[in-house]
Each structure stands twice: as C-alpha cells, then as structure tokens.
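Structure below is coords-v5.txt: compact mmCIF, N, CA and C atoms.
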# COMPACT_ATOMS: atom_id res chain seq x y z
N MET A 283 13.33 -6.97 7.73
CA MET A 283 12.54 -5.75 7.84
C MET A 283 12.32 -5.16 6.45
N LYS A 284 11.16 -4.59 6.23
CA LYS A 284 10.84 -3.98 4.94
C LYS A 284 11.68 -2.74 4.72
N GLU A 285 12.14 -2.55 3.48
CA GLU A 285 12.88 -1.35 3.14
C GLU A 285 11.99 -0.13 3.37
N GLY A 286 12.59 0.93 3.90
CA GLY A 286 11.84 2.15 4.13
C GLY A 286 11.03 2.13 5.42
N MET A 287 11.20 1.09 6.22
CA MET A 287 10.45 0.94 7.45
C MET A 287 11.18 1.65 8.58
N PRO A 288 10.72 2.82 8.99
CA PRO A 288 11.42 3.57 10.02
C PRO A 288 11.16 3.00 11.41
N MET A 289 12.20 2.63 12.11
CA MET A 289 12.04 2.03 13.44
C MET A 289 11.84 3.10 14.52
N ASP A 290 12.17 4.35 14.22
CA ASP A 290 12.01 5.39 15.22
C ASP A 290 10.59 5.97 15.22
N LYS A 291 9.71 5.43 14.43
CA LYS A 291 8.33 5.91 14.36
C LYS A 291 7.50 5.18 15.41
N PRO A 292 6.51 5.87 16.02
CA PRO A 292 5.69 5.22 17.04
C PRO A 292 4.76 4.15 16.46
N TYR A 293 4.45 4.25 15.19
CA TYR A 293 3.62 3.24 14.53
C TYR A 293 3.89 3.29 13.03
N ALA A 294 3.56 2.21 12.36
CA ALA A 294 3.75 2.13 10.92
C ALA A 294 2.46 2.52 10.21
N ILE A 295 2.61 3.19 9.08
CA ILE A 295 1.48 3.50 8.20
C ILE A 295 1.62 2.60 6.98
N MET A 296 0.52 1.97 6.58
CA MET A 296 0.54 1.05 5.45
C MET A 296 -0.57 1.43 4.48
N THR A 297 -0.29 1.27 3.19
CA THR A 297 -1.27 1.52 2.15
C THR A 297 -0.92 0.65 0.94
N GLU A 298 -1.60 0.88 -0.18
CA GLU A 298 -1.30 0.17 -1.43
C GLU A 298 -0.59 1.11 -2.40
N ALA A 299 0.08 0.51 -3.37
CA ALA A 299 0.70 1.29 -4.44
C ALA A 299 -0.35 2.05 -5.25
N ALA A 300 -1.61 1.68 -5.11
CA ALA A 300 -2.69 2.33 -5.86
C ALA A 300 -2.84 3.81 -5.51
N CYS A 301 -2.25 4.26 -4.42
CA CYS A 301 -2.43 5.68 -4.07
C CYS A 301 -1.50 6.57 -4.89
N ASP A 302 -0.71 5.99 -5.77
CA ASP A 302 0.02 6.72 -6.81
C ASP A 302 1.01 7.76 -6.32
N LEU A 303 1.54 7.61 -5.13
CA LEU A 303 2.64 8.47 -4.72
C LEU A 303 3.93 7.92 -5.33
N PRO A 304 4.83 8.78 -5.72
CA PRO A 304 6.12 8.29 -6.21
C PRO A 304 6.94 7.70 -5.05
N ARG A 305 7.87 6.84 -5.40
CA ARG A 305 8.70 6.13 -4.42
C ARG A 305 9.30 7.09 -3.40
N GLU A 306 9.80 8.23 -3.85
CA GLU A 306 10.46 9.17 -2.95
C GLU A 306 9.50 9.68 -1.87
N ARG A 307 8.24 9.86 -2.21
CA ARG A 307 7.27 10.36 -1.24
C ARG A 307 6.92 9.28 -0.22
N PHE A 308 6.82 8.02 -0.69
CA PHE A 308 6.59 6.91 0.24
C PHE A 308 7.76 6.81 1.21
N GLU A 309 8.97 6.89 0.68
CA GLU A 309 10.17 6.78 1.52
C GLU A 309 10.25 7.93 2.51
N LYS A 310 10.03 9.14 2.04
CA LYS A 310 10.09 10.31 2.91
C LYS A 310 9.07 10.19 4.05
N ALA A 311 7.89 9.70 3.73
CA ALA A 311 6.83 9.55 4.72
C ALA A 311 7.01 8.30 5.57
N GLY A 312 7.92 7.41 5.18
CA GLY A 312 8.12 6.18 5.93
C GLY A 312 6.91 5.28 5.93
N VAL A 313 6.34 5.05 4.76
CA VAL A 313 5.10 4.29 4.62
C VAL A 313 5.38 2.92 4.02
N LEU A 314 4.75 1.90 4.59
CA LEU A 314 4.81 0.55 4.03
C LEU A 314 3.81 0.45 2.89
N VAL A 315 4.21 -0.20 1.80
CA VAL A 315 3.37 -0.22 0.60
C VAL A 315 3.16 -1.66 0.11
N ALA A 316 1.90 -2.06 0.00
CA ALA A 316 1.56 -3.35 -0.62
C ALA A 316 1.50 -3.14 -2.13
N PRO A 317 2.22 -3.96 -2.90
CA PRO A 317 2.19 -3.81 -4.36
C PRO A 317 0.81 -4.17 -4.92
N LEU A 318 0.50 -3.56 -6.06
CA LEU A 318 -0.80 -3.75 -6.70
C LEU A 318 -0.64 -4.65 -7.92
N PRO A 319 -1.41 -5.73 -8.01
CA PRO A 319 -1.32 -6.58 -9.20
C PRO A 319 -2.01 -5.93 -10.41
N ILE A 320 -1.35 -6.04 -11.56
CA ILE A 320 -1.88 -5.52 -12.82
C ILE A 320 -1.70 -6.61 -13.87
N THR A 321 -2.74 -6.85 -14.67
CA THR A 321 -2.65 -7.80 -15.78
C THR A 321 -2.83 -7.02 -17.08
N ILE A 322 -1.86 -7.17 -17.98
CA ILE A 322 -1.91 -6.50 -19.28
C ILE A 322 -1.64 -7.55 -20.35
N ASN A 323 -2.60 -7.69 -21.25
CA ASN A 323 -2.48 -8.70 -22.32
C ASN A 323 -2.14 -10.07 -21.77
N GLY A 324 -2.76 -10.44 -20.67
CA GLY A 324 -2.55 -11.76 -20.08
C GLY A 324 -1.26 -11.91 -19.30
N VAL A 325 -0.46 -10.86 -19.20
CA VAL A 325 0.78 -10.91 -18.44
C VAL A 325 0.55 -10.24 -17.09
N ASN A 326 0.92 -10.94 -16.02
CA ASN A 326 0.72 -10.41 -14.67
C ASN A 326 1.96 -9.66 -14.21
N TYR A 327 1.73 -8.49 -13.63
CA TYR A 327 2.79 -7.65 -13.07
C TYR A 327 2.42 -7.28 -11.65
N GLN A 328 3.40 -6.86 -10.89
CA GLN A 328 3.16 -6.27 -9.57
C GLN A 328 3.63 -4.83 -9.66
N HIS A 329 2.73 -3.89 -9.37
CA HIS A 329 3.10 -2.48 -9.39
C HIS A 329 3.68 -2.10 -8.03
N HIS A 330 4.96 -1.76 -8.04
CA HIS A 330 5.66 -1.28 -6.84
C HIS A 330 6.04 0.18 -7.08
N PRO A 331 6.06 0.98 -6.03
CA PRO A 331 6.46 2.39 -6.21
C PRO A 331 7.87 2.55 -6.77
N ASP A 332 8.75 1.56 -6.54
CA ASP A 332 10.11 1.67 -7.07
C ASP A 332 10.20 1.16 -8.52
N GLU A 333 9.06 0.88 -9.11
CA GLU A 333 8.90 0.49 -10.51
C GLU A 333 9.46 -0.90 -10.83
N THR A 334 9.74 -1.72 -9.82
CA THR A 334 10.06 -3.10 -10.13
C THR A 334 8.77 -3.77 -10.60
N GLY A 335 8.89 -4.64 -11.53
CA GLY A 335 7.71 -5.30 -12.08
C GLY A 335 7.18 -4.61 -13.33
N LEU A 336 6.85 -3.34 -13.24
CA LEU A 336 6.34 -2.59 -14.38
C LEU A 336 6.66 -1.12 -14.15
N SER A 337 7.43 -0.54 -15.06
CA SER A 337 7.79 0.87 -14.90
C SER A 337 6.61 1.75 -15.32
N TYR A 338 6.60 2.97 -14.79
CA TYR A 338 5.57 3.93 -15.19
C TYR A 338 5.65 4.19 -16.69
N ARG A 339 6.86 4.32 -17.20
CA ARG A 339 7.05 4.58 -18.63
C ARG A 339 6.42 3.48 -19.47
N ALA A 340 6.67 2.22 -19.11
CA ALA A 340 6.10 1.09 -19.85
C ALA A 340 4.57 1.07 -19.71
N PHE A 341 4.08 1.35 -18.52
CA PHE A 341 2.64 1.34 -18.28
C PHE A 341 1.94 2.40 -19.14
N TYR A 342 2.47 3.61 -19.15
CA TYR A 342 1.82 4.68 -19.92
C TYR A 342 1.99 4.47 -21.43
N ARG A 343 3.07 3.82 -21.83
CA ARG A 343 3.23 3.49 -23.25
C ARG A 343 2.13 2.51 -23.66
N LEU A 344 1.86 1.53 -22.82
CA LEU A 344 0.79 0.58 -23.10
C LEU A 344 -0.57 1.28 -23.17
N LEU A 345 -0.80 2.21 -22.27
CA LEU A 345 -2.06 2.97 -22.32
C LEU A 345 -2.19 3.77 -23.61
N ARG A 346 -1.08 4.43 -24.02
CA ARG A 346 -1.12 5.20 -25.27
C ARG A 346 -1.40 4.30 -26.47
N ASP A 347 -0.91 3.05 -26.38
CA ASP A 347 -1.15 2.08 -27.44
C ASP A 347 -2.54 1.44 -27.33
N LYS A 348 -3.33 1.94 -26.39
CA LYS A 348 -4.71 1.49 -26.16
C LYS A 348 -4.80 0.01 -25.80
N ILE A 349 -3.78 -0.47 -25.10
CA ILE A 349 -3.80 -1.84 -24.62
C ILE A 349 -4.50 -1.85 -23.26
N GLN A 350 -5.45 -2.76 -23.12
CA GLN A 350 -6.26 -2.82 -21.90
C GLN A 350 -5.49 -3.48 -20.77
N GLY A 351 -5.60 -2.89 -19.61
CA GLY A 351 -5.02 -3.45 -18.41
C GLY A 351 -6.09 -3.60 -17.34
N VAL A 352 -5.89 -4.54 -16.46
CA VAL A 352 -6.83 -4.79 -15.38
C VAL A 352 -6.04 -4.83 -14.08
N THR A 353 -6.49 -4.05 -13.11
CA THR A 353 -5.85 -4.11 -11.79
C THR A 353 -6.65 -5.02 -10.89
N GLY A 354 -5.99 -5.50 -9.88
CA GLY A 354 -6.64 -6.34 -8.89
C GLY A 354 -6.21 -5.91 -7.51
N ALA A 355 -6.80 -6.52 -6.51
CA ALA A 355 -6.41 -6.23 -5.14
C ALA A 355 -5.24 -7.10 -4.75
N PRO A 356 -4.31 -6.56 -3.96
CA PRO A 356 -3.27 -7.43 -3.40
C PRO A 356 -3.93 -8.55 -2.59
N SER A 357 -3.29 -9.68 -2.53
CA SER A 357 -3.84 -10.81 -1.77
C SER A 357 -3.72 -10.53 -0.27
N PRO A 358 -4.53 -11.20 0.53
CA PRO A 358 -4.36 -11.07 1.99
C PRO A 358 -2.93 -11.41 2.43
N GLU A 359 -2.32 -12.37 1.77
CA GLU A 359 -0.94 -12.74 2.11
C GLU A 359 0.02 -11.59 1.87
N THR A 360 -0.21 -10.82 0.80
CA THR A 360 0.64 -9.67 0.51
C THR A 360 0.49 -8.61 1.60
N TYR A 361 -0.74 -8.34 2.00
CA TYR A 361 -0.96 -7.38 3.08
C TYR A 361 -0.32 -7.87 4.38
N ALA A 362 -0.49 -9.15 4.68
CA ALA A 362 0.07 -9.70 5.92
C ALA A 362 1.59 -9.57 5.93
N ALA A 363 2.22 -9.89 4.82
CA ALA A 363 3.69 -9.78 4.74
C ALA A 363 4.14 -8.34 4.89
N THR A 364 3.38 -7.41 4.33
CA THR A 364 3.73 -5.99 4.41
C THR A 364 3.63 -5.49 5.85
N ALA A 365 2.61 -5.88 6.56
CA ALA A 365 2.40 -5.41 7.94
C ALA A 365 3.23 -6.16 8.96
N ARG A 366 3.53 -7.42 8.68
CA ARG A 366 4.20 -8.28 9.67
C ARG A 366 5.53 -7.70 10.15
N ALA A 367 6.31 -7.09 9.26
CA ALA A 367 7.62 -6.55 9.64
C ALA A 367 7.47 -5.53 10.77
N ALA A 368 6.47 -4.67 10.67
CA ALA A 368 6.25 -3.67 11.72
C ALA A 368 5.79 -4.33 13.01
N LEU A 369 4.86 -5.24 12.91
CA LEU A 369 4.32 -5.90 14.09
C LEU A 369 5.38 -6.70 14.83
N GLU A 370 6.23 -7.39 14.10
CA GLU A 370 7.29 -8.20 14.72
C GLU A 370 8.31 -7.35 15.46
N THR A 371 8.44 -6.09 15.09
CA THR A 371 9.39 -5.21 15.77
C THR A 371 8.70 -4.37 16.85
N GLY A 372 7.44 -4.67 17.14
CA GLY A 372 6.75 -4.01 18.23
C GLY A 372 5.98 -2.76 17.85
N GLN A 373 5.84 -2.49 16.56
CA GLN A 373 5.08 -1.32 16.14
C GLN A 373 3.62 -1.67 15.93
N ASP A 374 2.76 -0.69 16.15
CA ASP A 374 1.36 -0.79 15.78
C ASP A 374 1.27 -0.43 14.30
N VAL A 375 0.10 -0.68 13.70
CA VAL A 375 -0.08 -0.43 12.26
C VAL A 375 -1.37 0.35 12.03
N LEU A 376 -1.24 1.41 11.23
CA LEU A 376 -2.40 2.16 10.73
C LEU A 376 -2.47 1.90 9.24
N TYR A 377 -3.54 1.25 8.80
CA TYR A 377 -3.74 0.96 7.37
C TYR A 377 -4.73 1.95 6.79
N LEU A 378 -4.32 2.64 5.74
CA LEU A 378 -5.17 3.59 5.01
C LEU A 378 -5.42 3.00 3.63
N GLY A 379 -6.61 2.44 3.42
CA GLY A 379 -6.89 1.65 2.24
C GLY A 379 -7.62 2.36 1.12
N PHE A 380 -7.38 1.85 -0.07
CA PHE A 380 -8.08 2.27 -1.27
C PHE A 380 -9.58 2.05 -1.05
N THR A 381 -10.40 2.93 -1.56
CA THR A 381 -11.84 2.89 -1.31
C THR A 381 -12.47 1.51 -1.56
N SER A 382 -13.27 1.09 -0.61
CA SER A 382 -13.99 -0.17 -0.75
C SER A 382 -15.11 -0.06 -1.78
N GLN A 383 -15.43 1.14 -2.21
CA GLN A 383 -16.49 1.35 -3.20
C GLN A 383 -16.05 1.00 -4.61
N LEU A 384 -14.73 0.95 -4.86
CA LEU A 384 -14.23 0.70 -6.21
C LEU A 384 -13.33 -0.52 -6.33
N SER A 385 -12.95 -1.09 -5.21
CA SER A 385 -11.95 -2.16 -5.26
C SER A 385 -12.13 -3.11 -4.09
N ALA A 386 -11.54 -4.28 -4.23
CA ALA A 386 -11.53 -5.27 -3.14
C ALA A 386 -10.29 -5.11 -2.25
N CYS A 387 -9.50 -4.06 -2.49
CA CYS A 387 -8.28 -3.86 -1.70
C CYS A 387 -8.58 -3.82 -0.20
N TYR A 388 -9.53 -3.00 0.20
CA TYR A 388 -9.82 -2.84 1.63
C TYR A 388 -10.26 -4.17 2.24
N GLN A 389 -11.11 -4.89 1.55
CA GLN A 389 -11.60 -6.17 2.08
C GLN A 389 -10.47 -7.18 2.19
N SER A 390 -9.58 -7.22 1.22
CA SER A 390 -8.44 -8.13 1.25
C SER A 390 -7.52 -7.79 2.42
N ALA A 391 -7.25 -6.50 2.60
CA ALA A 391 -6.41 -6.07 3.73
C ALA A 391 -7.08 -6.40 5.06
N LYS A 392 -8.39 -6.21 5.12
CA LYS A 392 -9.11 -6.47 6.36
C LYS A 392 -8.99 -7.94 6.76
N LEU A 393 -9.10 -8.84 5.79
CA LEU A 393 -8.93 -10.28 6.09
C LEU A 393 -7.57 -10.54 6.70
N ALA A 394 -6.53 -9.97 6.09
CA ALA A 394 -5.17 -10.19 6.57
C ALA A 394 -4.95 -9.56 7.94
N LEU A 395 -5.40 -8.33 8.10
CA LEU A 395 -5.12 -7.61 9.34
C LEU A 395 -5.94 -8.15 10.52
N GLU A 396 -7.14 -8.63 10.27
CA GLU A 396 -7.92 -9.27 11.34
C GLU A 396 -7.20 -10.53 11.83
N GLU A 397 -6.62 -11.28 10.92
CA GLU A 397 -5.86 -12.47 11.31
C GLU A 397 -4.61 -12.08 12.09
N LEU A 398 -3.94 -11.02 11.66
CA LEU A 398 -2.75 -10.56 12.37
C LEU A 398 -3.08 -10.04 13.76
N LYS A 399 -4.27 -9.51 13.96
CA LYS A 399 -4.69 -9.08 15.30
C LYS A 399 -4.68 -10.25 16.27
N GLN A 400 -5.03 -11.43 15.76
CA GLN A 400 -5.03 -12.63 16.61
C GLN A 400 -3.59 -13.07 16.93
N LYS A 401 -2.71 -12.92 15.99
CA LYS A 401 -1.31 -13.35 16.18
C LYS A 401 -0.49 -12.35 16.98
N PHE A 402 -0.91 -11.09 16.97
CA PHE A 402 -0.20 -10.02 17.68
C PHE A 402 -1.19 -9.28 18.59
N PRO A 403 -1.70 -9.95 19.63
CA PRO A 403 -2.76 -9.35 20.45
C PRO A 403 -2.34 -8.09 21.21
N LEU A 404 -1.05 -7.89 21.40
CA LEU A 404 -0.59 -6.70 22.11
C LEU A 404 -0.40 -5.48 21.20
N ARG A 405 -0.54 -5.69 19.91
CA ARG A 405 -0.36 -4.60 18.94
C ARG A 405 -1.72 -4.03 18.54
N LYS A 406 -1.75 -2.74 18.28
CA LYS A 406 -2.95 -2.11 17.73
C LYS A 406 -2.84 -2.13 16.22
N ILE A 407 -3.91 -2.54 15.57
CA ILE A 407 -3.99 -2.52 14.12
C ILE A 407 -5.30 -1.80 13.78
N LEU A 408 -5.15 -0.62 13.21
CA LEU A 408 -6.31 0.19 12.85
C LEU A 408 -6.45 0.22 11.34
N MET A 409 -7.69 0.09 10.87
CA MET A 409 -7.98 0.07 9.44
C MET A 409 -8.91 1.21 9.09
N VAL A 410 -8.55 1.97 8.05
CA VAL A 410 -9.38 3.08 7.60
C VAL A 410 -9.65 2.91 6.11
N ASP A 411 -10.92 2.87 5.76
CA ASP A 411 -11.33 2.91 4.35
C ASP A 411 -11.31 4.39 3.98
N THR A 412 -10.37 4.81 3.17
CA THR A 412 -10.23 6.24 2.86
C THR A 412 -11.36 6.77 2.00
N LEU A 413 -12.14 5.88 1.40
CA LEU A 413 -13.21 6.28 0.48
C LEU A 413 -12.65 7.11 -0.67
N SER A 414 -11.39 6.89 -0.97
CA SER A 414 -10.75 7.58 -2.09
C SER A 414 -9.69 6.66 -2.67
N GLY A 415 -9.07 7.12 -3.73
CA GLY A 415 -8.01 6.37 -4.37
C GLY A 415 -7.07 7.34 -5.06
N ALA A 416 -6.06 6.79 -5.67
CA ALA A 416 -5.07 7.57 -6.41
C ALA A 416 -4.54 8.71 -5.54
N MET A 417 -4.52 9.92 -6.06
CA MET A 417 -3.91 11.02 -5.32
C MET A 417 -4.73 11.46 -4.11
N GLY A 418 -6.04 11.22 -4.10
CA GLY A 418 -6.83 11.52 -2.92
C GLY A 418 -6.39 10.65 -1.75
N GLN A 419 -6.19 9.38 -2.02
CA GLN A 419 -5.69 8.45 -1.02
C GLN A 419 -4.26 8.84 -0.63
N GLY A 420 -3.46 9.21 -1.63
CA GLY A 420 -2.08 9.62 -1.37
C GLY A 420 -2.01 10.82 -0.44
N LEU A 421 -2.91 11.77 -0.63
CA LEU A 421 -2.95 12.95 0.23
C LEU A 421 -3.24 12.55 1.68
N LEU A 422 -4.19 11.65 1.87
CA LEU A 422 -4.51 11.19 3.22
C LEU A 422 -3.34 10.45 3.85
N VAL A 423 -2.62 9.67 3.06
CA VAL A 423 -1.43 8.96 3.55
C VAL A 423 -0.37 9.98 3.99
N GLU A 424 -0.14 10.98 3.17
CA GLU A 424 0.87 11.99 3.52
C GLU A 424 0.44 12.79 4.76
N LEU A 425 -0.83 13.13 4.86
CA LEU A 425 -1.31 13.86 6.04
C LEU A 425 -1.17 13.02 7.31
N ALA A 426 -1.44 11.72 7.20
CA ALA A 426 -1.25 10.84 8.35
C ALA A 426 0.22 10.78 8.75
N ALA A 427 1.10 10.71 7.76
CA ALA A 427 2.54 10.68 8.07
C ALA A 427 2.98 11.98 8.73
N ARG A 428 2.47 13.11 8.25
CA ARG A 428 2.80 14.40 8.88
C ARG A 428 2.27 14.47 10.30
N GLY A 429 1.07 13.96 10.51
CA GLY A 429 0.50 13.93 11.85
C GLY A 429 1.32 13.06 12.80
N ARG A 430 1.77 11.94 12.28
CA ARG A 430 2.62 11.05 13.09
C ARG A 430 3.91 11.78 13.47
N GLU A 431 4.50 12.47 12.52
CA GLU A 431 5.74 13.22 12.78
C GLU A 431 5.51 14.32 13.81
N ALA A 432 4.35 14.94 13.78
CA ALA A 432 4.04 16.02 14.70
C ALA A 432 3.68 15.50 16.10
N GLY A 433 3.49 14.19 16.21
CA GLY A 433 3.18 13.61 17.52
C GLY A 433 1.71 13.46 17.76
When written as structure tokens, how does the structure in this file appear?
Amino acid sequence: MKEGMPMDKPYAIMTEAACDLPRERFEKAGVLVAPLPITINGVNYQHHPDETGLSYRAFYRLLRDKIQGVTGAPSPETYAATARAALETGQDVLYLGFTSQLSACYQSAKLALEELKQKFPLRKILMVDTLSGAMGQGLLVELAARGREAG
C-alpha cells in the first residue's frame, strides 16, 4: 500500500507533485501523489513531495544559478502504480490533474486510468482536468479532500 494512503476514506484522491503542496499537506489530506520527472543539465530526477530525488533547496539553488530545467509528465505506468494501491483495496479514485493546456500530465494519467477501469470494472475512476497547476491545482486538491472529509 502507498504511504499516506488512508484506508478509512471512502475514496482516494490522486494528483501529481506538480501541484506544489508540501509533503505535510499531502499527508494531512490523505492524497496519493504521482512524482513529476525533471531533467536538469541532462540529469533525470523524480520530484516527490518528500523531496526524495531532488530537494526543494537544491532545485531553487539551480534556478538561482540560472540552470535550465525541463519537467515532463509522469508515465502512464507511474499513474497506474499510484492508483493501483487504492483500487486493489476496494477504493474508488478521484484524479485531479494538472491542466491539459500546459502539460501532458492529464493525457498520460487518462491513458493509465482508462486501462485500470478495464482491470477494476467494479471501481469508479473519475478524472478531472483542473485547468490549473501549481498552487491553483493544490487548492482544488485540498478542497476535494475537505469535501471528502465532510461526506
């Protein structure tokens, strides 16, 4: 089971690390997070909210040094692995994705989640293109988690 995956929740909420919430907020909200790939000077990293792979301090130091970085979308396999833990335990999944207008994240997640719908036909898998990113997406994730808590 994925760390931070609350089993007492009626459904799992999933998003990408691109929504820029700190680890504590993801954990408090009980949200599953797909890591975001980042390439800096030809070196590939995975951005996780717990800062494994690349710390925020190192990332911002690179930005201050004017080193170019490129982000990418998580692979469909990454999304599938992130959602599978919830589905295997009988939870439905609500995916709140980074805007499809700026990234391939939503499309990559959609490929994975459509395939998982076939493997878990009794589970509901809902996908929402938030049409936002960073803290705008983070706000929607937190509001969804609050709504889930409120019933």
Contact table stretch 307-366 of chain A vs stretch 424-432 of chain A, cut-off 8 Å, shortest pair per residue, only N, CA and C atoms, as a Markdown table:
| residue | atom | partner | partner_atom | distance |
| --- | --- | --- | --- | --- |
| A:Arg307 | C | A:Glu424 | CA | 7.6 |
| A:Lys310 | C | A:Ala427 | CA | 7.7 |
| A:Ala311 | CA | A:Ala427 | CA | 5.6 |
| A:Gly312 | N | A:Ala427 | CA | 6.9 |
| A:Val313 | N | A:Ala427 | CA | 7.6 |
Interatomic distance (Å, one decimal) between atom CA of A:Ala316 and atom CA of A:Thr360 =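 Going from atom CA of A:Ala316 over to atom CA of A:Thr360 covers 6.5 Å.
From atom CA of A:Val325 back to atom CA of A:Glu298, the distance works out to 20.4 Å.
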At what distance in Å, to one decimal, does atom CA of A:Ala394 lie from atom CA of A:Glu306?
->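 Taking atom CA of A:Glu306 and atom CA of A:Ala394, their separation equals 26.6 Å.
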May I ask which of the residues A:Ala294, A:Arg405, A:Gln389, A:Gln400 is the closest one to A:Ser357, counting only N, CA and C atoms?
->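 The shortest atom-to-atom distance to A:Ser357 comes from A:Gln389.
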Check the DSSP output for the backbone and give back, as a PyMOL selection string, the residues of chain A in alpha helix (DSSP H).
-> chain A and resi 305-311+338-346+358-370+387-401+416-432
Which residues, written as an mmCIF file with N, CA and C atoms, in the coordinates of the input, have at least one atom at most 6.5 Å from A:Leu378, with all atoms listed in the file counted and residues fewer than 5 positions away on the same chain left out?
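Produced file result16.cif, reproduced below:
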data_model
loop_
_atom_site.group_PDB
_atom_site.id
_atom_site.type_symbol
_atom_site.label_atom_id
_atom_site.label_comp_id
_atom_site.auth_asym_id
_atom_site.auth_seq_id
_atom_site.Cartn_x
_atom_site.Cartn_y
_atom_site.Cartn_z
ATOM 1 N N ILE A 295 2.610 3.190 9.080
ATOM 2 C CA ILE A 295 1.480 3.500 8.200
ATOM 3 C C ILE A 295 1.620 2.600 6.980
ATOM 4 N N MET A 296 0.520 1.970 6.580
ATOM 5 C CA MET A 296 0.540 1.050 5.450
ATOM 6 C C MET A 296 -0.570 1.430 4.480
ATOM 7 N N THR A 297 -0.290 1.270 3.190
ATOM 8 C CA THR A 297 -1.270 1.520 2.150
ATOM 9 C C THR A 297 -0.920 0.650 0.940
ATOM 10 N N GLU A 298 -1.600 0.880 -0.180
ATOM 11 C CA GLU A 298 -1.300 0.170 -1.430
ATOM 12 C C GLU A 298 -0.590 1.110 -2.400
ATOM 13 N N LEU A 408 -5.150 -0.620 13.210
ATOM 14 C CA LEU A 408 -6.310 0.190 12.850
ATOM 15 C C LEU A 408 -6.450 0.220 11.340
ATOM 16 N N MET A 409 -7.690 0.090 10.870
ATOM 17 C CA MET A 409 -7.980 0.070 9.440
ATOM 18 C C MET A 409 -8.910 1.210 9.090
ATOM 19 N N VAL A 410 -8.550 1.970 8.050
ATOM 20 C CA VAL A 410 -9.380 3.080 7.600
ATOM 21 C C VAL A 410 -9.650 2.910 6.110
ATOM 22 N N ASP A 411 -10.920 2.870 5.760
ATOM 23 C CA ASP A 411 -11.330 2.910 4.350
ATOM 24 C C ASP A 411 -11.310 4.390 3.980
ATOM 25 N N THR A 412 -10.370 4.810 3.170
ATOM 26 C CA THR A 412 -10.230 6.240 2.860
ATOM 27 C C THR A 412 -11.360 6.770 2.000
#
Of A:Phe402, A:Gly418, A:Leu413, A:Ala340, the one nearest to A:Gly372 when counting only C-alpha atoms is A:Phe402
DSSP strand (DSSP E or B) residues within stretch 383-412 of chain A, as number ranges by chain | A: 407-411
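The closest residue to A:Gln383, picked from A:Gly415, A:Glu396, A:Ala299, A:Pro403 and counting only C-alpha atoms, is A:Gly415.
Distance check against A:Phe308 using all atoms listed in the file: of A:Met417, A:Tyr342, A:Pro331, A:Tyr361, the minimum falls on A:Pro331.
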Taking all atoms listed in the file into account, which of A:Val423, A:Tyr293, A:Tyr338, A:Lys392 comes nearest A:Val375?
-> A:Tyr293
Can you work out which one of A:Thr381, A:Cys387, A:Leu393, A:Asp374 has the shortest atom-to-atom distance to A:Lys406, counting only N, CA and C atoms?
->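 So, comparing all the options, the nearest one is A:Asp374.
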Output of stretch 391-403 of chain A limited to N, CA and C atoms, as a tab-separated table (two decimals), in the first residue's frame:
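Okay, this is what ended up in out05.tsv:
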chain	number	residue	atom	x	y	z
A	391	ALA	N	-2.14	10.42	-17.51
A	391	ALA	CA	-2.97	9.82	-16.46
A	391	ALA	C	-4.21	9.16	-17.07
A	392	LYS	N	-4.80	9.83	-18.05
A	392	LYS	CA	-6.00	9.30	-18.68
A	392	LYS	C	-5.73	7.94	-19.33
A	393	LEU	N	-4.60	7.81	-20.00
A	393	LEU	CA	-4.23	6.51	-20.59
A	393	LEU	C	-4.18	5.42	-19.53
A	394	ALA	N	-3.52	5.73	-18.42
A	394	ALA	CA	-3.37	4.75	-17.35
A	394	ALA	C	-4.71	4.42	-16.69
A	395	LEU	N	-5.48	5.46	-16.39
A	395	LEU	CA	-6.72	5.25	-15.65
A	395	LEU	C	-7.80	4.58	-16.50
A	396	GLU	N	-7.82	4.85	-17.80
A	396	GLU	CA	-8.75	4.15	-18.69
A	396	GLU	C	-8.44	2.65	-18.72
A	397	GLU	N	-7.16	2.32	-18.72
A	397	GLU	CA	-6.77	0.90	-18.68
A	397	GLU	C	-7.15	0.27	-17.34
A	398	LEU	N	-6.96	1.01	-16.26
A	398	LEU	CA	-7.33	0.49	-14.94
A	398	LEU	C	-8.83	0.30	-14.81
A	399	LYS	N	-9.62	1.10	-15.50
A	399	LYS	CA	-11.08	0.92	-15.48
A	399	LYS	C	-11.45	-0.47	-16.01
A	400	GLN	N	-10.68	-0.94	-16.99
A	400	GLN	CA	-10.94	-2.28	-17.54
A	400	GLN	C	-10.55	-3.37	-16.55
A	401	LYS	N	-9.49	-3.15	-15.82
A	401	LYS	CA	-9.00	-4.15	-14.86
A	401	LYS	C	-9.78	-4.16	-13.56
A	402	PHE	N	-10.41	-3.04	-13.23
A	402	PHE	CA	-11.19	-2.90	-12.00
A	402	PHE	C	-12.59	-2.39	-12.33
A	403	PRO	N	-13.39	-3.21	-13.02
A	403	PRO	CA	-14.69	-2.73	-13.50
A	403	PRO	C	-15.69	-2.36	-12.40
